[in-house]
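Accompanying notes for the structure given below.
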Amino acid sequence: MSVKIRDIEVINTAPEGINLTVVKVLTTEPGLYGLGCATFAYRWRTVTSYVLDYLKPLLVGRNVEDIQELWQLMHQNAYWRNGGIENNAIAGVDIALWDIKGKMANMPVYQLFGGAVRKGVPVYRHVDGATVDEIVDQVQYYQDLGVRHLRVQSGGYGGGLEMKAPSSAPEGAYDGIYLNSREYMRKTVALFDALRDRLGFGIDFVHDVHERIAPAEAVELARELEPYKLFFLEDALPVNQTEYFERMRQVSTVPLAEGELFNNEAMYRDLIARRLIDFIRVHVTQIGGITPAMKLAIFAEQFGVRTAWHGPGDMSPLGHAANIHIDMAVPNFGVQEWSGIRPPNFVIQELKGPEGALLDVFDGLPEFRKGYVYPNERPGLGIELNEKEAAKYPNSDEVTTWTQTRAQDGSLNLP
């Protein structure tokens, strides 16, 4: 007799001060359940409602083995499809179903994809600082840990951090993170010039534009960064201006990564097929979970485009584990973003929760060792959730401020 979905629960927790959402799919088999990431940190209540009010009634009583069928059912049931709310909700269930299937097979999830093609997953970590000296110190810290790829920023994305209207803004301008694109471009080029001069070319650097400059400026920046041999330049263009990648290809050989904000795997299709990008920067829950991510990776492989899944702090350990299990199995893997646990000497992002709380809530996180991350060999995704500990750290309803970015005239700018 087939195993069926008995119930679906949602656990919200913020052990590091970042809202996380976990979906728990319970089955008719005693003790058998799966956990999945549905984290949309800035709209967590809506995702929770979507799972409980719409997906749960749709799915209870259905066979847990039928992952492809259930994904398609969830995707088309509302008629209008895609978007961050729906896809993250679907992803929570989808990832939990893969967790269950791994447990039923008594295998890690990556074995269900055909097994490992690598023994560990090389990752890149984040470096940020106000000065070249600060950044060099952090680069050397991570080099000592075996990290060979680093994302380097100076003052966040676009060089802005302070949530305040500057004196140069128009009278009555709203507060926000004010950006000066020309200054940011000059400083970024100067930064990489200084880093290569001091550190050489033995480490691979990544830089994230975060869509914060005009498309023509992004083309110019790509050309000016070419001598510094970046591993890739990330999200240089916004979702609605990707045609500019063709111009970028004409003026620069800098490898390009794109797609953190894409909701639909079809949005990558033309960029991949025309080889206008080199890496797909996919937030796996944002496109609906493991099921569509694996299909997209297989498609990209045919065109020599590699994976570089999004792995930020606003993703639960279930989401990170999903990334790592896919990374273990896909031949066209490039590199994995790894936000990781705070290093002891450099607090790059100030977190609100107590240090170590994440490990109290989640057991079995993939382990970082000498530049690589390794999944544990437990069945499924290998992660367990302590619901009693999770309840100690409730999610927050604070208004999101970091996305309130503005141009020098006070008008809103893409975050």
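Ligands are numbered from 1 in the order shown, residues from 1 within each chain, and chains are lettered A, B, ... in the order they appear in the structure tokens.
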Please produce, as a tab-separated table, a per-residue contact table for stretch 241-296 of chain A versus stretch 303-320 of chain A (criterion: any atom at most 9 Å away, only C-alpha atoms considered), showing the nearest atom pair and its distance in Å to one decimal, sorted by chain then residue number.
```
residue	atom	partner	partner_atom	distance
A:Ala257	CA	A:Ala308	CA	7.9
A:Glu260	CA	A:His310	CA	6.5
A:Ile272	CA	A:Val305	CA	6.6
A:Ala273	CA	A:Phe303	CA	6.3
A:Arg274	CA	A:Phe303	CA	8.4
A:Arg275	CA	A:Phe303	CA	6.8
A:Ile277	CA	A:Val305	CA	7.2
A:Asp278	CA	A:Val305	CA	4.9
A:Phe279	CA	A:Arg306	CA	4.7
A:Ile280	CA	A:Thr307	CA	5.2
A:Arg281	CA	A:Trp309	CA	5.1
A:Val282	CA	A:Trp309	CA	4.9
A:His283	CA	A:His310	CA	4.8
A:Val284	CA	A:Trp309	CA	7.0
A:Thr285	CA	A:Gly319	CA	7.2
A:Gly289	CA	A:Gly319	CA	8.7
```
Any chance you could tabulate, as CSV, the residues of stretch 81-188 of chain A at most 7 Å from stretch 362-377 of chain A with each one's nearest atom pair and distance in Å to one decimal, using only C-alpha atoms, in chain and rising number order?
```
residue,atom,partner,partner_atom,distance
A:Pro108,CA,A:Glu377,CA,5.8
A:Gly120,CA,A:Tyr374,CA,5.3
A:Val121,CA,A:Tyr372,CA,5.0
A:Pro122,CA,A:Tyr372,CA,4.5
A:Val123,CA,A:Tyr372,CA,6.0
A:Leu145,CA,A:Lys370,CA,5.3
A:Gly146,CA,A:Lys370,CA,4.3
A:Val147,CA,A:Gly371,CA,4.1
A:Arg148,CA,A:Gly371,CA,6.7
```
Please save N, CA and C atoms of the selected residues as a short mmCIF file (atom, residue, chain, number, x, y, z; two decimals), in the first residue's frame.
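Result went into selection_21.cif, see below:
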```
data_model
loop_
_atom_site.label_atom_id
_atom_site.label_comp_id
_atom_site.auth_asym_id
_atom_site.auth_seq_id
_atom_site.Cartn_x
_atom_site.Cartn_y
_atom_site.Cartn_z
N PRO A 108 20.99 9.29 0.92
CA PRO A 108 21.01 10.75 0.79
C PRO A 108 20.35 11.16 -0.52
N GLY A 120 33.24 16.70 -2.67
CA GLY A 120 32.88 17.84 -1.85
C GLY A 120 32.53 19.01 -2.75
N VAL A 121 31.88 20.02 -2.21
CA VAL A 121 31.37 21.14 -2.99
C VAL A 121 32.20 22.39 -2.69
N PRO A 122 32.98 22.91 -3.66
CA PRO A 122 33.71 24.15 -3.43
C PRO A 122 32.75 25.33 -3.30
N VAL A 123 33.03 26.19 -2.34
CA VAL A 123 32.12 27.29 -2.05
C VAL A 123 32.84 28.63 -2.11
N LEU A 145 41.52 29.29 5.56
CA LEU A 145 40.51 28.25 5.75
C LEU A 145 40.36 27.37 4.51
N GLY A 146 41.12 27.66 3.47
CA GLY A 146 41.07 26.86 2.26
C GLY A 146 40.11 27.35 1.20
N VAL A 147 39.49 28.52 1.42
CA VAL A 147 38.52 29.05 0.45
C VAL A 147 39.26 29.61 -0.76
N ARG A 148 38.83 29.22 -1.94
CA ARG A 148 39.50 29.63 -3.18
C ARG A 148 38.67 30.64 -3.99
#
```
Open item on the list: I need the residue nearest A:Ile95 from this list: A:Asp397, A:Val23, A:Gln140, A:Leu221. Use only C-alpha atoms for the distance.
Closed with: A:Val23
Open item on the list: Give me the residues near A:Ala214 as a PyMOL selection string, where near means some atom within 10 Å (using only C-alpha atoms) and where sequence neighbours in that chain fewer than 4 positions away do not count.
Closed with: chain A and resi 181+218-220+236-238+241+413-414
I need the residues from that last selection saved to file as a PDB file, in the first residue's frame (with all heavy atoms), if you can.
```
ATOM      1  N   SER A 181      25.834  55.718  -8.437  1.00  0.00           N
ATOM      2  CA  SER A 181      26.316  54.666  -9.330  1.00  0.00           C
ATOM      3  C   SER A 181      27.707  54.968  -9.881  1.00  0.00           C
ATOM      4  O   SER A 181      28.554  54.070  -9.985  1.00  0.00           O
ATOM      5  CB  SER A 181      25.327  54.452 -10.480  1.00  0.00           C
ATOM      6  OG  SER A 181      25.181  55.633 -11.258  1.00  0.00           O
ATOM      7  N   ALA A 218      26.276  49.168 -16.475  1.00  0.00           N
ATOM      8  CA  ALA A 218      26.696  47.783 -16.239  1.00  0.00           C
ATOM      9  C   ALA A 218      27.601  47.288 -17.359  1.00  0.00           C
ATOM     10  O   ALA A 218      28.587  46.580 -17.115  1.00  0.00           O
ATOM     11  CB  ALA A 218      25.468  46.885 -16.112  1.00  0.00           C
ATOM     12  N   VAL A 219      27.290  47.654 -18.597  1.00  0.00           N
ATOM     13  CA  VAL A 219      28.147  47.294 -19.730  1.00  0.00           C
ATOM     14  C   VAL A 219      29.530  47.916 -19.552  1.00  0.00           C
ATOM     15  O   VAL A 219      30.562  47.267 -19.746  1.00  0.00           O
ATOM     16  CB  VAL A 219      27.502  47.748 -21.058  1.00  0.00           C
ATOM     17  CG1 VAL A 219      28.458  47.522 -22.224  1.00  0.00           C
ATOM     18  CG2 VAL A 219      26.194  47.005 -21.292  1.00  0.00           C
ATOM     19  N   GLU A 220      29.549  49.181 -19.164  1.00  0.00           N
ATOM     20  CA  GLU A 220      30.822  49.882 -18.943  1.00  0.00           C
ATOM     21  C   GLU A 220      31.624  49.228 -17.819  1.00  0.00           C
ATOM     22  O   GLU A 220      32.836  49.028 -17.931  1.00  0.00           O
ATOM     23  CB  GLU A 220      30.527  51.345 -18.602  1.00  0.00           C
ATOM     24  CG  GLU A 220      31.759  52.184 -18.339  1.00  0.00           C
ATOM     25  CD  GLU A 220      31.408  53.612 -17.933  1.00  0.00           C
ATOM     26  OE1 GLU A 220      30.235  54.016 -18.093  1.00  0.00           O
ATOM     27  OE2 GLU A 220      32.312  54.321 -17.441  1.00  0.00           O
ATOM     28  N   ALA A 236      24.367  41.841 -13.008  1.00  0.00           N
ATOM     29  CA  ALA A 236      24.706  43.179 -13.502  1.00  0.00           C
ATOM     30  C   ALA A 236      23.489  43.886 -14.082  1.00  0.00           C
ATOM     31  O   ALA A 236      23.449  45.118 -14.133  1.00  0.00           O
ATOM     32  CB  ALA A 236      25.804  43.079 -14.560  1.00  0.00           C
ATOM     33  N   LEU A 237      22.492  43.110 -14.511  1.00  0.00           N
ATOM     34  CA  LEU A 237      21.311  43.671 -15.166  1.00  0.00           C
ATOM     35  C   LEU A 237      20.038  43.257 -14.448  1.00  0.00           C
ATOM     36  O   LEU A 237      19.954  42.148 -13.920  1.00  0.00           O
ATOM     37  CB  LEU A 237      21.242  43.197 -16.622  1.00  0.00           C
ATOM     38  CG  LEU A 237      22.398  43.619 -17.531  1.00  0.00           C
ATOM     39  CD1 LEU A 237      22.283  42.918 -18.870  1.00  0.00           C
ATOM     40  CD2 LEU A 237      22.405  45.139 -17.718  1.00  0.00           C
ATOM     41  N   PRO A 238      19.024  44.143 -14.456  1.00  0.00           N
ATOM     42  CA  PRO A 238      17.738  43.763 -13.876  1.00  0.00           C
ATOM     43  C   PRO A 238      16.991  42.791 -14.773  1.00  0.00           C
ATOM     44  O   PRO A 238      17.315  42.626 -15.959  1.00  0.00           O
ATOM     45  CB  PRO A 238      16.981  45.095 -13.757  1.00  0.00           C
ATOM     46  CG  PRO A 238      17.600  45.971 -14.786  1.00  0.00           C
ATOM     47  CD  PRO A 238      19.038  45.547 -14.895  1.00  0.00           C
ATOM     48  N   GLN A 241      15.879  43.874 -18.291  1.00  0.00           N
ATOM     49  CA  GLN A 241      16.846  44.492 -19.211  1.00  0.00           C
ATOM     50  C   GLN A 241      17.928  43.508 -19.644  1.00  0.00           C
ATOM     51  O   GLN A 241      19.045  43.915 -19.966  1.00  0.00           O
ATOM     52  CB  GLN A 241      17.494  45.708 -18.525  1.00  0.00           C
ATOM     53  CG  GLN A 241      16.540  46.828 -18.183  1.00  0.00           C
ATOM     54  CD  GLN A 241      15.974  47.530 -19.415  1.00  0.00           C
ATOM     55  OE1 GLN A 241      16.503  47.392 -20.522  1.00  0.00           O
ATOM     56  NE2 GLN A 241      14.906  48.277 -19.233  1.00  0.00           N
ATOM     57  N   ASN A 413      15.261  53.083  -6.232  1.00  0.00           N
ATOM     58  CA  ASN A 413      16.198  52.366  -7.089  1.00  0.00           C
ATOM     59  C   ASN A 413      16.034  50.884  -6.805  1.00  0.00           C
ATOM     60  O   ASN A 413      15.664  50.495  -5.688  1.00  0.00           O
ATOM     61  CB  ASN A 413      17.627  52.816  -6.752  1.00  0.00           C
ATOM     62  CG  ASN A 413      18.637  52.374  -7.788  1.00  0.00           C
ATOM     63  OD1 ASN A 413      18.773  53.005  -8.833  1.00  0.00           O
ATOM     64  ND2 ASN A 413      19.374  51.331  -7.486  1.00  0.00           N
ATOM     65  N   LEU A 414      16.340  50.018  -7.777  1.00  0.00           N
ATOM     66  CA  LEU A 414      16.248  48.584  -7.536  1.00  0.00           C
ATOM     67  C   LEU A 414      17.175  48.171  -6.399  1.00  0.00           C
ATOM     68  O   LEU A 414      18.324  48.617  -6.340  1.00  0.00           O
ATOM     69  CB  LEU A 414      16.588  47.793  -8.789  1.00  0.00           C
ATOM     70  CG  LEU A 414      15.549  47.827  -9.910  1.00  0.00           C
ATOM     71  CD1 LEU A 414      16.095  47.113 -11.149  1.00  0.00           C
ATOM     72  CD2 LEU A 414      14.240  47.193  -9.471  1.00  0.00           C
TER      73      LEU A 414
END
```
Task: Straight-line distance linking atom CA of A:His210 with atom CA of A:Glu398, stated in Å to one decimal - done: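 Between atom CA of A:His210 and atom CA of A:Glu398 the gap works out to 22.8 Å.
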Considering only alpha helix (DSSP H) as DSSP defines it on the backbone, what residues of stretch 130-325 of chain A qualify? List them as a short mmCIF file (atom, residue, chain, number, x, y, z; two decimals) with N, CA and C atoms, in the first residue's frame.
```
data_model
loop_
_atom_site.label_atom_id
_atom_site.label_comp_id
_atom_site.auth_asym_id
_atom_site.auth_seq_id
_atom_site.Cartn_x
_atom_site.Cartn_y
_atom_site.Cartn_z
N VAL A 132 40.63 48.88 1.76
CA VAL A 132 41.34 47.77 1.13
C VAL A 132 42.02 46.91 2.18
N ASP A 133 42.58 47.54 3.20
CA ASP A 133 43.25 46.78 4.26
C ASP A 133 42.29 45.82 4.94
N GLU A 134 41.09 46.29 5.27
CA GLU A 134 40.10 45.43 5.90
C GLU A 134 39.77 44.24 5.01
N ILE A 135 39.59 44.51 3.74
CA ILE A 135 39.22 43.45 2.80
C ILE A 135 40.36 42.46 2.63
N VAL A 136 41.58 42.95 2.53
CA VAL A 136 42.74 42.06 2.40
C VAL A 136 42.86 41.15 3.62
N ASP A 137 42.63 41.69 4.81
CA ASP A 137 42.68 40.86 6.02
C ASP A 137 41.66 39.74 5.96
N GLN A 138 40.45 40.06 5.50
CA GLN A 138 39.41 39.04 5.42
C GLN A 138 39.71 38.00 4.34
N VAL A 139 40.23 38.47 3.21
CA VAL A 139 40.61 37.53 2.14
C VAL A 139 41.64 36.53 2.66
N GLN A 140 42.63 37.04 3.36
CA GLN A 140 43.68 36.15 3.88
C GLN A 140 43.14 35.21 4.95
N TYR A 141 42.17 35.69 5.74
CA TYR A 141 41.52 34.82 6.74
C TYR A 141 40.87 33.63 6.05
N TYR A 142 40.10 33.90 4.99
CA TYR A 142 39.41 32.81 4.30
C TYR A 142 40.37 31.93 3.50
N GLN A 143 41.43 32.53 2.98
CA GLN A 143 42.43 31.71 2.31
C GLN A 143 43.04 30.69 3.27
N ASP A 144 43.26 31.12 4.51
CA ASP A 144 43.79 30.20 5.52
C ASP A 144 42.82 29.06 5.82
N SER A 181 25.83 55.72 -8.44
CA SER A 181 26.32 54.67 -9.33
C SER A 181 27.71 54.97 -9.88
N ARG A 182 27.97 56.23 -10.22
CA ARG A 182 29.28 56.54 -10.81
C ARG A 182 30.39 56.39 -9.78
N GLU A 183 30.13 56.84 -8.56
CA GLU A 183 31.12 56.69 -7.50
C GLU A 183 31.35 55.21 -7.19
N TYR A 184 30.25 54.45 -7.14
CA TYR A 184 30.36 53.01 -6.89
C TYR A 184 31.21 52.33 -7.96
N MET A 185 31.01 52.67 -9.22
CA MET A 185 31.77 52.05 -10.30
C MET A 185 33.25 52.38 -10.18
N ARG A 186 33.57 53.64 -9.93
CA ARG A 186 34.98 54.04 -9.80
C ARG A 186 35.65 53.30 -8.64
N LYS A 187 34.96 53.24 -7.51
CA LYS A 187 35.54 52.59 -6.33
C LYS A 187 35.70 51.09 -6.53
N THR A 188 34.76 50.47 -7.23
CA THR A 188 34.83 49.02 -7.46
C THR A 188 36.02 48.66 -8.34
N VAL A 189 36.22 49.42 -9.41
CA VAL A 189 37.37 49.16 -10.29
C VAL A 189 38.67 49.39 -9.51
N ALA A 190 38.73 50.47 -8.75
CA ALA A 190 39.94 50.76 -7.95
C ALA A 190 40.19 49.67 -6.91
N LEU A 191 39.11 49.14 -6.33
CA LEU A 191 39.25 48.08 -5.33
C LEU A 191 39.90 46.83 -5.93
N PHE A 192 39.39 46.37 -7.06
CA PHE A 192 39.95 45.16 -7.65
C PHE A 192 41.36 45.39 -8.19
N ASP A 193 41.64 46.61 -8.63
CA ASP A 193 43.00 46.92 -9.05
C ASP A 193 43.95 46.78 -7.85
N ALA A 194 43.54 47.31 -6.69
CA ALA A 194 44.37 47.22 -5.49
C ALA A 194 44.50 45.79 -5.00
N LEU A 195 43.41 45.03 -5.06
CA LEU A 195 43.45 43.64 -4.58
C LEU A 195 44.37 42.78 -5.44
N ARG A 196 44.28 42.92 -6.74
CA ARG A 196 45.15 42.13 -7.61
C ARG A 196 46.62 42.56 -7.43
N ASP A 197 46.83 43.85 -7.20
CA ASP A 197 48.20 44.33 -7.00
C ASP A 197 48.80 43.73 -5.73
N ARG A 198 47.99 43.60 -4.68
CA ARG A 198 48.50 43.13 -3.39
C ARG A 198 48.43 41.62 -3.23
N LEU A 199 47.43 40.99 -3.86
CA LEU A 199 47.21 39.56 -3.63
C LEU A 199 47.48 38.69 -4.84
N PRO A 215 21.62 49.86 -17.10
CA PRO A 215 22.18 48.86 -18.00
C PRO A 215 23.43 49.33 -18.75
N ALA A 216 23.43 50.55 -19.25
CA ALA A 216 24.61 51.05 -19.97
C ALA A 216 25.81 51.15 -19.04
N GLU A 217 25.57 51.50 -17.78
CA GLU A 217 26.65 51.54 -16.79
C GLU A 217 27.17 50.14 -16.51
N ALA A 218 26.28 49.17 -16.48
CA ALA A 218 26.70 47.78 -16.24
C ALA A 218 27.60 47.29 -17.36
N VAL A 219 27.29 47.65 -18.60
CA VAL A 219 28.15 47.29 -19.73
C VAL A 219 29.53 47.92 -19.55
N GLU A 220 29.55 49.18 -19.16
CA GLU A 220 30.82 49.88 -18.94
C GLU A 220 31.62 49.23 -17.82
N LEU A 221 30.94 48.88 -16.72
CA LEU A 221 31.63 48.26 -15.58
C LEU A 221 32.24 46.91 -15.98
N ALA A 222 31.50 46.11 -16.73
CA ALA A 222 32.01 44.81 -17.16
C ALA A 222 33.28 44.98 -17.99
N ARG A 223 33.30 45.98 -18.84
CA ARG A 223 34.49 46.22 -19.66
C ARG A 223 35.67 46.65 -18.79
N GLU A 224 35.43 47.51 -17.81
CA GLU A 224 36.52 48.03 -16.98
C GLU A 224 37.06 46.99 -16.00
N LEU A 225 36.25 45.99 -15.66
CA LEU A 225 36.69 44.95 -14.73
C LEU A 225 37.42 43.80 -15.43
N PHE A 245 22.82 41.94 -22.13
CA PHE A 245 23.90 40.96 -22.04
C PHE A 245 24.61 40.78 -23.39
N GLU A 246 23.87 40.96 -24.47
CA GLU A 246 24.48 40.83 -25.78
C GLU A 246 25.55 41.90 -25.98
N ARG A 247 25.26 43.13 -25.55
CA ARG A 247 26.25 44.20 -25.63
C ARG A 247 27.44 43.91 -24.70
N MET A 248 27.15 43.36 -23.54
CA MET A 248 28.22 43.04 -22.60
C MET A 248 29.19 42.04 -23.21
N ARG A 249 28.66 41.03 -23.87
CA ARG A 249 29.49 40.01 -24.50
C ARG A 249 30.41 40.63 -25.57
N GLN A 250 29.93 41.68 -26.22
CA GLN A 250 30.69 42.30 -27.30
C GLN A 250 31.89 43.09 -26.79
N VAL A 251 31.84 43.56 -25.52
CA VAL A 251 32.89 44.45 -25.04
C VAL A 251 33.74 43.85 -23.93
N ARG A 269 15.84 30.58 -20.15
CA ARG A 269 15.98 29.77 -21.36
C ARG A 269 16.78 30.46 -22.46
N ASP A 270 16.38 31.68 -22.80
CA ASP A 270 17.04 32.38 -23.91
C ASP A 270 18.48 32.73 -23.55
N LEU A 271 18.71 33.15 -22.31
CA LEU A 271 20.06 33.52 -21.88
C LEU A 271 20.99 32.32 -21.95
N ILE A 272 20.48 31.15 -21.57
CA ILE A 272 21.29 29.93 -21.62
C ILE A 272 21.51 29.48 -23.06
N ALA A 273 20.43 29.39 -23.81
CA ALA A 273 20.52 28.86 -25.18
C ALA A 273 21.39 29.73 -26.07
N ILE A 290 13.48 21.68 -5.59
CA ILE A 290 14.46 20.80 -6.21
C ILE A 290 14.01 20.33 -7.59
N THR A 291 12.74 20.04 -7.75
CA THR A 291 12.25 19.48 -9.01
C THR A 291 12.54 20.38 -10.21
N PRO A 292 12.15 21.66 -10.22
CA PRO A 292 12.50 22.51 -11.37
C PRO A 292 13.98 22.84 -11.43
N ALA A 293 14.66 22.91 -10.27
CA ALA A 293 16.09 23.23 -10.29
C ALA A 293 16.89 22.16 -11.00
N MET A 294 16.57 20.90 -10.77
CA MET A 294 17.28 19.82 -11.45
C MET A 294 17.03 19.87 -12.96
N LYS A 295 15.82 20.15 -13.37
CA LYS A 295 15.52 20.24 -14.80
C LYS A 295 16.31 21.38 -15.44
N LEU A 296 16.39 22.51 -14.73
CA LEU A 296 17.12 23.66 -15.25
C LEU A 296 18.61 23.36 -15.36
N ALA A 297 19.17 22.69 -14.35
CA ALA A 297 20.60 22.34 -14.39
C ALA A 297 20.90 21.43 -15.58
N ILE A 298 20.04 20.47 -15.84
CA ILE A 298 20.24 19.55 -16.97
C ILE A 298 20.17 20.31 -18.29
N PHE A 299 19.22 21.24 -18.40
CA PHE A 299 19.11 22.05 -19.61
C PHE A 299 20.37 22.89 -19.81
N ALA A 300 20.84 23.56 -18.74
CA ALA A 300 22.02 24.42 -18.84
C ALA A 300 23.26 23.64 -19.23
N GLU A 301 23.34 22.40 -18.79
CA GLU A 301 24.50 21.56 -19.11
C GLU A 301 24.70 21.43 -20.61
N PRO A 317 18.54 26.19 6.67
CA PRO A 317 19.47 25.09 6.40
C PRO A 317 18.90 24.02 5.48
N LEU A 318 17.57 23.87 5.44
CA LEU A 318 16.98 22.92 4.48
C LEU A 318 17.24 23.38 3.05
N GLY A 319 17.16 24.70 2.81
CA GLY A 319 17.46 25.24 1.48
C GLY A 319 18.92 25.07 1.12
N HIS A 320 19.80 25.33 2.09
CA HIS A 320 21.23 25.13 1.84
C HIS A 320 21.53 23.66 1.54
N ALA A 321 20.90 22.77 2.29
CA ALA A 321 21.13 21.34 2.06
C ALA A 321 20.64 20.93 0.67
N ALA A 322 19.50 21.48 0.25
CA ALA A 322 19.01 21.18 -1.11
C ALA A 322 20.05 21.59 -2.15
N ASN A 323 20.62 22.80 -1.98
CA ASN A 323 21.68 23.25 -2.89
C ASN A 323 22.82 22.23 -2.95
N ILE A 324 23.30 21.83 -1.78
CA ILE A 324 24.48 20.98 -1.72
C ILE A 324 24.21 19.60 -2.32
N HIS A 325 23.03 19.05 -2.10
CA HIS A 325 22.71 17.73 -2.67
C HIS A 325 22.66 17.81 -4.21
#
```
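Atom to atom, atom CA of A:Pro331 and atom CA of A:Tyr124 stand 18.4 Å apart.
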Task: DSSP-assigned strand (DSSP E or B) among stretch 83-206 of chain A, expressed as number ranges by chain - done: A: 108, 121-128, 149-153, 163, 177-178, 204-206
- [ ] Work out how far atom CA of A:Phe205 is from atom CA of A:Phe232, in Å to one decimal.
- [x]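 About the pair atom CA of A:Phe232 and atom CA of A:Phe205: they are 7.4 Å apart.
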